[in-house]
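Chemist: Below you'll find run12.pdb; it's PDB, C-alpha atoms and all ligand atoms.
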ATOM      1  CA  MET A   1     -14.029   4.802  -3.997  1.00  0.00           C
ATOM      2  CA  ASN A   2     -14.533   5.149  -0.275  1.00  0.00           C
ATOM      3  CA  GLY A   3     -17.068   7.960   0.040  1.00  0.00           C
ATOM      4  CA  LYS A   4     -16.545   8.637   3.730  1.00  0.00           C
ATOM      5  CA  ILE A   5     -13.596  11.027   3.683  1.00  0.00           C
ATOM      6  CA  MET A   6     -14.082  13.044   0.546  1.00  0.00           C
ATOM      7  CA  ASN A   7     -17.294  14.724  -0.527  1.00  0.00           C
ATOM      8  CA  PRO A   8     -18.874  11.813  -2.496  1.00  0.00           C
ATOM      9  CA  ALA A   9     -19.668  14.023  -5.496  1.00  0.00           C
ATOM     10  CA  VAL A  10     -16.081  15.302  -5.624  1.00  0.00           C
ATOM     11  CA  GLU A  11     -14.742  11.769  -5.235  1.00  0.00           C
ATOM     12  CA  LYS A  12     -16.994  10.593  -8.073  1.00  0.00           C
ATOM     13  CA  TYR A  13     -15.720  13.491 -10.162  1.00  0.00           C
ATOM     14  CA  ILE A  14     -12.085  12.506  -9.537  1.00  0.00           C
ATOM     15  CA  TYR A  15     -12.749   8.849 -10.376  1.00  0.00           C
ATOM     16  CA  GLY A  16     -14.582   9.983 -13.517  1.00  0.00           C
ATOM     17  CA  LEU A  17     -11.427  11.745 -14.711  1.00  0.00           C
ATOM     18  CA  LEU A  18      -9.219   8.673 -14.425  1.00  0.00           C
ATOM     19  CA  PRO A  19      -8.105   7.125 -17.699  1.00  0.00           C
ATOM     20  CA  ALA A  20      -9.211   3.543 -18.326  1.00  0.00           C
ATOM     21  CA  ARG A  21      -6.845   0.950 -16.937  1.00  0.00           C
ATOM     22  CA  ASP A  22      -5.326  -1.842 -19.020  1.00  0.00           C
ATOM     23  CA  ALA A  23      -7.134  -5.192 -19.231  1.00  0.00           C
ATOM     24  CA  VAL A  24      -5.295  -6.784 -16.275  1.00  0.00           C
ATOM     25  CA  LEU A  25      -5.825  -3.933 -13.775  1.00  0.00           C
ATOM     26  CA  ALA A  26      -9.439  -3.577 -14.938  1.00  0.00           C
ATOM     27  CA  GLU A  27     -10.019  -7.291 -14.358  1.00  0.00           C
ATOM     28  CA  MET A  28      -8.442  -7.038 -10.898  1.00  0.00           C
ATOM     29  CA  GLU A  29     -10.699  -4.108 -10.016  1.00  0.00           C
ATOM     30  CA  ARG A  30     -13.742  -6.146 -11.044  1.00  0.00           C
ATOM     31  CA  TYR A  31     -12.507  -9.163  -9.076  1.00  0.00           C
ATOM     32  CA  ALA A  32     -11.839  -7.020  -5.985  1.00  0.00           C
ATOM     33  CA  LYS A  33     -15.306  -5.495  -6.162  1.00  0.00           C
ATOM     34  CA  ARG A  34     -17.015  -8.836  -6.633  1.00  0.00           C
ATOM     35  CA  TYR A  35     -15.114 -10.660  -3.873  1.00  0.00           C
ATOM     36  CA  ASP A  36     -14.659  -7.708  -1.515  1.00  0.00           C
ATOM     37  CA  VAL A  37     -10.873  -7.563  -1.695  1.00  0.00           C
ATOM     38  CA  PRO A  38      -9.850  -4.194  -0.197  1.00  0.00           C
ATOM     39  CA  ILE A  39      -7.430  -2.950  -2.888  1.00  0.00           C
ATOM     40  CA  ILE A  40      -6.217   0.656  -3.072  1.00  0.00           C
ATOM     41  CA  GLY A  41      -8.037   1.281  -6.358  1.00  0.00           C
ATOM     42  CA  PRO A  42      -6.954   3.402  -9.314  1.00  0.00           C
ATOM     43  CA  ALA A  43      -6.829   6.871  -7.699  1.00  0.00           C
ATOM     44  CA  VAL A  44      -4.444   5.730  -4.962  1.00  0.00           C
ATOM     45  CA  GLY A  45      -2.688   3.460  -7.467  1.00  0.00           C
ATOM     46  CA  ARG A  46      -1.754   6.586  -9.395  1.00  0.00           C
ATOM     47  CA  LEU A  47      -0.467   8.260  -6.215  1.00  0.00           C
ATOM     48  CA  LEU A  48       1.793   5.264  -5.510  1.00  0.00           C
ATOM     49  CA  TYR A  49       2.935   5.269  -9.119  1.00  0.00           C
ATOM     50  CA  LEU A  50       3.745   8.983  -8.962  1.00  0.00           C
ATOM     51  CA  ALA A  51       5.609   8.652  -5.649  1.00  0.00           C
ATOM     52  CA  ALA A  52       7.722   5.797  -7.011  1.00  0.00           C
ATOM     53  CA  LYS A  53       8.408   7.640 -10.290  1.00  0.00           C
ATOM     54  CA  ILE A  54       9.309  11.001  -8.718  1.00  0.00           C
ATOM     55  CA  SER A  55      11.619   9.371  -6.196  1.00  0.00           C
ATOM     56  CA  GLY A  56      13.139   6.954  -8.717  1.00  0.00           C
ATOM     57  CA  ALA A  57      12.465   4.055  -6.341  1.00  0.00           C
ATOM     58  CA  LYS A  58      13.938   0.784  -7.549  1.00  0.00           C
ATOM     59  CA  ARG A  59      13.870  -1.356  -4.404  1.00  0.00           C
ATOM     60  CA  ILE A  60      10.414  -1.516  -2.870  1.00  0.00           C
ATOM     61  CA  PHE A  61       8.964  -3.521   0.026  1.00  0.00           C
ATOM     62  CA  GLU A  62       5.206  -3.869   0.275  1.00  0.00           C
ATOM     63  CA  MET A  63       3.545  -5.054   3.491  1.00  0.00           C
ATOM     64  CA  GLY A  64       0.140  -6.539   2.639  1.00  0.00           C
ATOM     65  CA  SER A  65      -0.133  -7.130  -1.108  1.00  0.00           C
ATOM     66  CA  ALA A  66      -3.300  -9.266  -1.493  1.00  0.00           C
ATOM     67  CA  ILE A  67      -3.899 -10.043  -5.195  1.00  0.00           C
ATOM     68  CA  GLY A  68      -1.008  -7.812  -6.335  1.00  0.00           C
ATOM     69  CA  TYR A  69      -2.919  -4.728  -7.512  1.00  0.00           C
ATOM     70  CA  SER A  70      -0.812  -2.110  -5.708  1.00  0.00           C
ATOM     71  CA  ALA A  71       2.334  -4.162  -6.431  1.00  0.00           C
ATOM     72  CA  ILE A  72       1.633  -3.842 -10.170  1.00  0.00           C
ATOM     73  CA  TRP A  73       1.272  -0.040  -9.947  1.00  0.00           C
ATOM     74  CA  LEU A  74       4.580   0.127  -8.023  1.00  0.00           C
ATOM     75  CA  ALA A  75       6.372  -2.325 -10.301  1.00  0.00           C
ATOM     76  CA  ARG A  76       5.326  -0.437 -13.428  1.00  0.00           C
ATOM     77  CA  ALA A  77       6.553   2.852 -11.962  1.00  0.00           C
ATOM     78  CA  ALA A  78       9.849   1.332 -10.816  1.00  0.00           C
ATOM     79  CA  GLY A  79      10.545  -0.090 -14.279  1.00  0.00           C
ATOM     80  CA  PRO A  80      12.776  -2.875 -15.599  1.00  0.00           C
ATOM     81  CA  GLY A  81      15.511  -4.017 -13.241  1.00  0.00           C
ATOM     82  CA  ALA A  82      13.563  -2.963 -10.158  1.00  0.00           C
ATOM     83  CA  GLU A  83      12.959  -5.250  -7.190  1.00  0.00           C
ATOM     84  CA  ILE A  84       9.524  -5.283  -5.600  1.00  0.00           C
ATOM     85  CA  PHE A  85       8.940  -7.485  -2.556  1.00  0.00           C
ATOM     86  CA  TYR A  86       5.336  -8.710  -2.439  1.00  0.00           C
ATOM     87  CA  THR A  87       4.156  -9.989   0.968  1.00  0.00           C
ATOM     88  CA  ASP A  88       0.885 -11.512   2.057  1.00  0.00           C
ATOM     89  CA  GLY A  89      -0.164 -13.964   4.732  1.00  0.00           C
ATOM     90  CA  ASP A  90      -2.553 -15.808   2.439  1.00  0.00           C
ATOM     91  CA  PRO A  91      -1.055 -18.282  -0.087  1.00  0.00           C
ATOM     92  CA  VAL A  92      -4.263 -18.205  -2.166  1.00  0.00           C
ATOM     93  CA  ASN A  93      -3.788 -14.450  -2.669  1.00  0.00           C
ATOM     94  CA  GLU A  94      -0.177 -15.058  -3.615  1.00  0.00           C
ATOM     95  CA  ARG A  95      -1.073 -17.575  -6.335  1.00  0.00           C
ATOM     96  CA  ARG A  96      -3.595 -15.176  -7.791  1.00  0.00           C
ATOM     97  CA  ALA A  97      -1.078 -12.300  -7.571  1.00  0.00           C
ATOM     98  CA  ARG A  98       1.589 -14.308  -9.393  1.00  0.00           C
ATOM     99  CA  ASP A  99      -0.816 -14.907 -12.250  1.00  0.00           C
ATOM    100  CA  TYR A 100      -1.917 -11.254 -12.470  1.00  0.00           C
ATOM    101  CA  CYS A 101       1.667  -9.954 -12.231  1.00  0.00           C
ATOM    102  CA  LYS A 102       2.748 -12.296 -15.018  1.00  0.00           C
ATOM    103  CA  ARG A 103      -0.086 -11.121 -17.225  1.00  0.00           C
ATOM    104  CA  ALA A 104       0.741  -7.491 -16.357  1.00  0.00           C
ATOM    105  CA  GLY A 105       4.299  -8.076 -17.596  1.00  0.00           C
ATOM    106  CA  VAL A 106       6.031  -7.298 -14.279  1.00  0.00           C
ATOM    107  CA  ALA A 107       6.470 -10.738 -12.656  1.00  0.00           C
ATOM    108  CA  GLU A 108      10.246 -10.763 -13.148  1.00  0.00           C
ATOM    109  CA  ARG A 109      10.551  -7.617 -10.970  1.00  0.00           C
ATOM    110  CA  ILE A 110       8.551  -9.085  -8.109  1.00  0.00           C
ATOM    111  CA  LYS A 111       9.732 -11.427  -5.342  1.00  0.00           C
ATOM    112  CA  PHE A 112       6.754 -13.195  -3.804  1.00  0.00           C
ATOM    113  CA  LEU A 113       6.923 -13.840  -0.057  1.00  0.00           C
ATOM    114  CA  VAL A 114       4.155 -15.519   1.941  1.00  0.00           C
ATOM    115  CA  GLY A 115       3.829 -15.010   5.693  1.00  0.00           C
ATOM    116  CA  ASN A 116       3.793 -12.179   8.200  1.00  0.00           C
ATOM    117  CA  ALA A 117       5.188  -9.104   6.436  1.00  0.00           C
ATOM    118  CA  ILE A 118       6.425  -7.658   9.724  1.00  0.00           C
ATOM    119  CA  LYS A 119       8.661 -10.713  10.138  1.00  0.00           C
ATOM    120  CA  LEU A 120       9.435 -11.303   6.460  1.00  0.00           C
ATOM    121  CA  ILE A 121      11.162  -7.920   6.176  1.00  0.00           C
ATOM    122  CA  ASP A 122      13.898  -9.258   8.493  1.00  0.00           C
ATOM    123  CA  ARG A 123      14.674 -11.955   5.922  1.00  0.00           C
ATOM    124  CA  VAL A 124      15.407  -9.476   3.143  1.00  0.00           C
ATOM    125  CA  PRO A 125      18.751  -7.725   3.624  1.00  0.00           C
ATOM    126  CA  GLY A 126      19.579  -4.147   2.611  1.00  0.00           C
ATOM    127  CA  LYS A 127      17.717  -0.862   2.514  1.00  0.00           C
ATOM    128  CA  PHE A 128      14.611   0.029   0.544  1.00  0.00           C
ATOM    129  CA  ASP A 129      13.825   3.137  -1.505  1.00  0.00           C
ATOM    130  CA  LEU A 130      10.114   2.877  -0.785  1.00  0.00           C
ATOM    131  CA  ILE A 131       8.016   0.893   1.697  1.00  0.00           C
ATOM    132  CA  PHE A 132       4.246   0.663   1.398  1.00  0.00           C
ATOM    133  CA  ILE A 133       2.240  -0.451   4.465  1.00  0.00           C
ATOM    134  CA  ASP A 134      -1.212  -1.972   3.912  1.00  0.00           C
ATOM    135  CA  VAL A 135      -1.438  -4.797   6.496  1.00  0.00           C
ATOM    136  CA  ASP A 136      -4.128  -5.260   9.168  1.00  0.00           C
ATOM    137  CA  LYS A 137      -4.620  -1.895  10.773  1.00  0.00           C
ATOM    138  CA  GLN A 138      -3.845  -2.849  14.373  1.00  0.00           C
ATOM    139  CA  GLN A 139      -0.408  -3.873  13.100  1.00  0.00           C
ATOM    140  CA  TYR A 140       0.500  -0.452  11.673  1.00  0.00           C
ATOM    141  CA  PRO A 141       2.628   0.670  14.664  1.00  0.00           C
ATOM    142  CA  ALA A 142       4.634  -2.596  14.588  1.00  0.00           C
ATOM    143  CA  ALA A 143       4.952  -2.361  10.798  1.00  0.00           C
ATOM    144  CA  LEU A 144       6.274   1.203  11.094  1.00  0.00           C
ATOM    145  CA  ARG A 145       8.828   0.212  13.761  1.00  0.00           C
ATOM    146  CA  LYS A 146      10.167  -2.449  11.405  1.00  0.00           C
ATOM    147  CA  ALA A 147       9.975  -0.365   8.245  1.00  0.00           C
ATOM    148  CA  LEU A 148      11.617   2.870   9.368  1.00  0.00           C
ATOM    149  CA  PRO A 149      15.149   1.561  10.022  1.00  0.00           C
ATOM    150  CA  ARG A 150      15.036  -0.281   6.686  1.00  0.00           C
ATOM    151  CA  LEU A 151      14.224   2.775   4.609  1.00  0.00           C
ATOM    152  CA  ARG A 152      17.159   4.567   3.048  1.00  0.00           C
ATOM    153  CA  ARG A 153      17.694   8.240   3.813  1.00  0.00           C
ATOM    154  CA  GLY A 154      15.531  10.170   1.354  1.00  0.00           C
ATOM    155  CA  GLY A 155      13.307   7.124   0.887  1.00  0.00           C
ATOM    156  CA  LEU A 156       9.520   7.165   1.007  1.00  0.00           C
ATOM    157  CA  LEU A 157       7.159   5.435   3.407  1.00  0.00           C
ATOM    158  CA  LEU A 158       3.535   5.226   2.321  1.00  0.00           C
ATOM    159  CA  ALA A 159       0.574   3.758   4.174  1.00  0.00           C
ATOM    160  CA  ASP A 160      -3.041   3.313   3.128  1.00  0.00           C
ATOM    161  CA  ASN A 161      -6.230   3.814   5.185  1.00  0.00           C
ATOM    162  CA  THR A 162      -4.724   6.381   7.547  1.00  0.00           C
ATOM    163  CA  LEU A 163      -8.066   8.179   7.926  1.00  0.00           C
ATOM    164  CA  TRP A 164      -9.937   4.850   8.290  1.00  0.00           C
ATOM    165  CA  SER A 165     -13.339   6.061   7.098  1.00  0.00           C
ATOM    166  CA  GLY A 166     -13.096   8.960   9.573  1.00  0.00           C
ATOM    167  CA  ARG A 167     -13.037   6.688  12.617  1.00  0.00           C
ATOM    168  CA  VAL A 168      -9.658   8.181  13.580  1.00  0.00           C
ATOM    169  CA  VAL A 169     -11.508  11.239  14.871  1.00  0.00           C
ATOM    170  CA  GLY A 170     -12.253  11.073  18.597  1.00  0.00           C
ATOM    171  CA  ARG A 171     -11.917   8.236  21.081  1.00  0.00           C
ATOM    172  CA  ALA A 172     -11.707   4.759  19.641  1.00  0.00           C
ATOM    173  CA  THR A 173     -12.228   1.374  21.225  1.00  0.00           C
ATOM    174  CA  GLU A 174     -11.458  -0.944  18.283  1.00  0.00           C
ATOM    175  CA  ALA A 175      -7.863  -2.163  17.969  1.00  0.00           C
ATOM    176  CA  THR A 176      -7.838  -1.291  14.260  1.00  0.00           C
ATOM    177  CA  THR A 177      -8.705   2.378  14.763  1.00  0.00           C
ATOM    178  CA  ARG A 178      -6.367   2.676  17.731  1.00  0.00           C
ATOM    179  CA  GLY A 179      -3.595   1.163  15.605  1.00  0.00           C
ATOM    180  CA  ILE A 180      -4.098   3.792  12.913  1.00  0.00           C
ATOM    181  CA  GLN A 181      -4.335   6.612  15.470  1.00  0.00           C
ATOM    182  CA  GLN A 182      -1.073   5.494  17.062  1.00  0.00           C
ATOM    183  CA  PHE A 183       0.575   5.149  13.651  1.00  0.00           C
ATOM    184  CA  ASN A 184      -0.449   8.701  12.699  1.00  0.00           C
ATOM    185  CA  ARG A 185       0.902  10.096  15.987  1.00  0.00           C
ATOM    186  CA  MET A 186       4.141   8.160  15.442  1.00  0.00           C
ATOM    187  CA  ILE A 187       4.759   9.494  11.936  1.00  0.00           C
ATOM    188  CA  TYR A 188       3.972  13.108  12.898  1.00  0.00           C
ATOM    189  CA  SER A 189       6.164  12.988  16.024  1.00  0.00           C
ATOM    190  CA  SER A 190       9.045  11.190  14.318  1.00  0.00           C
ATOM    191  CA  ARG A 191      12.259  13.195  13.972  1.00  0.00           C
ATOM    192  CA  GLU A 192      13.152  11.111  10.948  1.00  0.00           C
ATOM    193  CA  LEU A 193       9.998  11.470   8.883  1.00  0.00           C
ATOM    194  CA  PHE A 194       8.314  14.332   7.059  1.00  0.00           C
ATOM    195  CA  PRO A 195       4.705  13.108   6.725  1.00  0.00           C
ATOM    196  CA  VAL A 196       1.644  14.322   4.850  1.00  0.00           C
ATOM    197  CA  ILE A 197      -1.704  12.533   5.015  1.00  0.00           C
ATOM    198  CA  VAL A 198      -3.382  12.954   1.646  1.00  0.00           C
ATOM    199  CA  PRO A 199      -7.183  12.767   2.153  1.00  0.00           C
ATOM    200  CA  LEU A 200      -7.699  10.751  -1.021  1.00  0.00           C
ATOM    201  CA  ARG A 201     -10.085   7.753  -0.801  1.00  0.00           C
ATOM    202  CA  ASP A 202      -9.428   6.441   2.758  1.00  0.00           C
ATOM    203  CA  GLY A 203      -6.383   8.637   3.477  1.00  0.00           C
ATOM    204  CA  VAL A 204      -2.849   7.889   2.335  1.00  0.00           C
ATOM    205  CA  ALA A 205       0.178   8.809   4.446  1.00  0.00           C
ATOM    206  CA  VAL A 206       3.172   9.849   2.369  1.00  0.00           C
ATOM    207  CA  CYS A 207       6.379  10.364   4.369  1.00  0.00           C
ATOM    208  CA  ARG A 208       9.948  11.131   3.393  1.00  0.00           C
ATOM    209  CA  LYS A 209      12.763   9.920   5.591  1.00  0.00           C
ATOM    210  CA  GLY A 210      15.612  12.310   6.357  1.00  0.00           C
TER     211      GLY A 210
HETATM  212  C1  LIG B 301      -5.809  -4.145   2.228  1.00  0.00           C
HETATM  213  S1  LIG B 301      -5.269  -5.680   1.623  1.00  0.00           S
HETATM  214  C2  LIG B 301      -3.899  -5.251   0.598  1.00  0.00           C
HETATM  215  C3  LIG B 301      -4.309  -4.642  -0.697  1.00  0.00           C
HETATM  216  C4  LIG B 301      -3.159  -4.333  -1.625  1.00  0.00           C
HETATM  217  N1  LIG B 301      -2.162  -3.513  -0.983  1.00  0.00           N
HETATM  218  C5  LIG B 301      -3.678  -3.617  -2.850  1.00  0.00           C
HETATM  219  O1  LIG B 301      -4.082  -2.457  -2.712  1.00  0.00           O
HETATM  220  O2  LIG B 301      -3.701  -4.215  -3.919  1.00  0.00           O
HETATM  221  C6  LIG B 301      -4.451  -6.300   3.033  1.00  0.00           C
HETATM  222  C7  LIG B 301      -3.763  -7.647   2.797  1.00  0.00           C
HETATM  223  O3  LIG B 301      -2.775  -7.785   3.788  1.00  0.00           O
HETATM  224  C8  LIG B 301      -2.727  -9.110   4.220  1.00  0.00           C
HETATM  225  N2  LIG B 301      -2.158  -9.018   5.578  1.00  0.00           N
HETATM  226  C9  LIG B 301      -2.704  -8.482   6.680  1.00  0.00           C
HETATM  227  N3  LIG B 301      -1.827  -8.471   7.692  1.00  0.00           N
HETATM  228  C10 LIG B 301      -0.678  -9.039   7.195  1.00  0.00           C
HETATM  229  C11 LIG B 301       0.599  -9.302   7.718  1.00  0.00           C
HETATM  230  N4  LIG B 301       0.927  -9.000   8.969  1.00  0.00           N
HETATM  231  N5  LIG B 301       1.501  -9.862   6.906  1.00  0.00           N
HETATM  232  C12 LIG B 301       1.223 -10.174   5.631  1.00  0.00           C
HETATM  233  N6  LIG B 301       0.033  -9.944   5.077  1.00  0.00           N
HETATM  234  C13 LIG B 301      -0.912  -9.379   5.848  1.00  0.00           C
HETATM  235  C14 LIG B 301      -4.127  -9.655   4.103  1.00  0.00           C
HETATM  236  O4  LIG B 301      -4.086 -11.041   3.832  1.00  0.00           O
HETATM  237  C15 LIG B 301      -4.682  -8.852   2.929  1.00  0.00           C
HETATM  238  O5  LIG B 301      -4.584  -9.601   1.743  1.00  0.00           O
END
What would you get if you wrote out this structure as structure tokens?
Ligand SMILES: C[S@@+](CC[C@H](N)C(=O)[O-])C[C@H]1O[C@@H](n2cnc3c(N)ncnc32)[C@H](O)[C@@H]1O
Modeler:
Amino acid sequence: MNGKIMNPAVEKYIYGLLPARDAVLAEMERYAKRYDVPIIGPAVGRLLYLAAKISGAKRIFEMGSAIGYSAIWLARAAGPGAEIFYTDGDPVNERRARDYCKRAGVAERIKFLVGNAIKLIDRVPGKFDLIFIDVDKQQYPAALRKALPRLRRGGLLLADNTLWSGRVVGRATEATTRGIQQFNRMIYSSRELFPVIVPLRDGVAVCRKG
């Protein structure tokens, strides 16, 4: 939960409706809470899952994967034979993610890449059906510039934290908020994208290309 965008009582209500997660996702949620890992959580996990399912995405690139929580939601939606590219700058996160993904039964669909996601995408040839951006917020404009040409026509681009606890409203001085503000202007002024920011948790941008 985030509590700063949605009415907290309504947000609590929505989270109260969510079905229990399996043992692996539940353990990851506990770990993230305990060690302050900023994962998308189950409400946004379901949105990613739905987007991947509806679009039939099979080739997915994730920028900023941490312990693999969102990657598991995407990998489960994409199904057997799918290819999910996990990226994170922290090798400790990657080791933990490998273990969780194995236990979640999706490790064979996931390619684990460690380093700067904005550079790593250049190393993976071909187009993607879905790209999910969740890197450091000041990097969102650069991530979008790299992601957009790599998305197939009809593909989906999603990004988390696009309302950034409401800090996007008004003038901002921090690089993180300015990065998100610029990203939001870029997606809404793009001739290639049809974006919607869903005000769930911390705001999720969902955009279709073409
Ligand atoms: C918000 S967390 C990702 C959470 C994950 N998407 C989830 O919901 O399960 C952001 C992660 O991105 C990583 N990160 C930030 N900037 C990055 C970059 N440029 N390239 C790769 N990883 C990056 C951080 O190490 C951190 O683990």
Chemist: Can you tell me, as an MDAnalysis selection string, what residues are no more than 10 Å from segment 160-166 of chain A when counting all atoms listed in the file, ignoring any on the same chain fewer than 3 positions away?
Modeler: chainID A and resid 2:6 39:40 44 132:135 137 140 169:170 176:177 179:181 183:184 197:206
Chemist: Write as a VMD selection string the residues around ligand LIG 301 (chain B), taking 10 Å as the cut-off and counting all atoms listed in the file.
Modeler: chain A and resid 28 to 29 32 37 to 42 44 to 45 62 to 73 86 to 94 97 113 to 121 132 to 140 142 to 143 159 to 161
Chemist: Compare A:Leu25, A:Arg171, A:Arg150, A:Asp36 by their minimum atom-to-atom distance to Cys101 of chain A, counting all atoms listed in the file, and give me the closest one.
Modeler: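 Closest to Cys101 of chain A of all the choices is A:Leu25.
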Chemist: Could you tell me how far atom CA of Arg98 of chain A lies from atom CA of Glu27 of chain A, in Å and to one decimal?
Modeler: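 Atom CA of Arg98 of chain A sits 14.4 Å away from atom CA of Glu27 of chain A.
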Chemist: Which residues, named as in the file, does the PyMOL selection byres (((chain A and resi 104) around 9) and not hetatm) pick out? Answer as a list of chain:residue names.
Modeler: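 Against this file, the PyMOL selection byres (((chain A and resi 104) around 9) and not hetatm) returns the residues A:Asp22, A:Ala23, A:Val24, A:Leu25, A:Ile72, A:Arg76, A:Asp99, A:Tyr100, A:Cys101, A:Lys102, A:Arg103, A:Gly105, A:Val106, A:Ala107.
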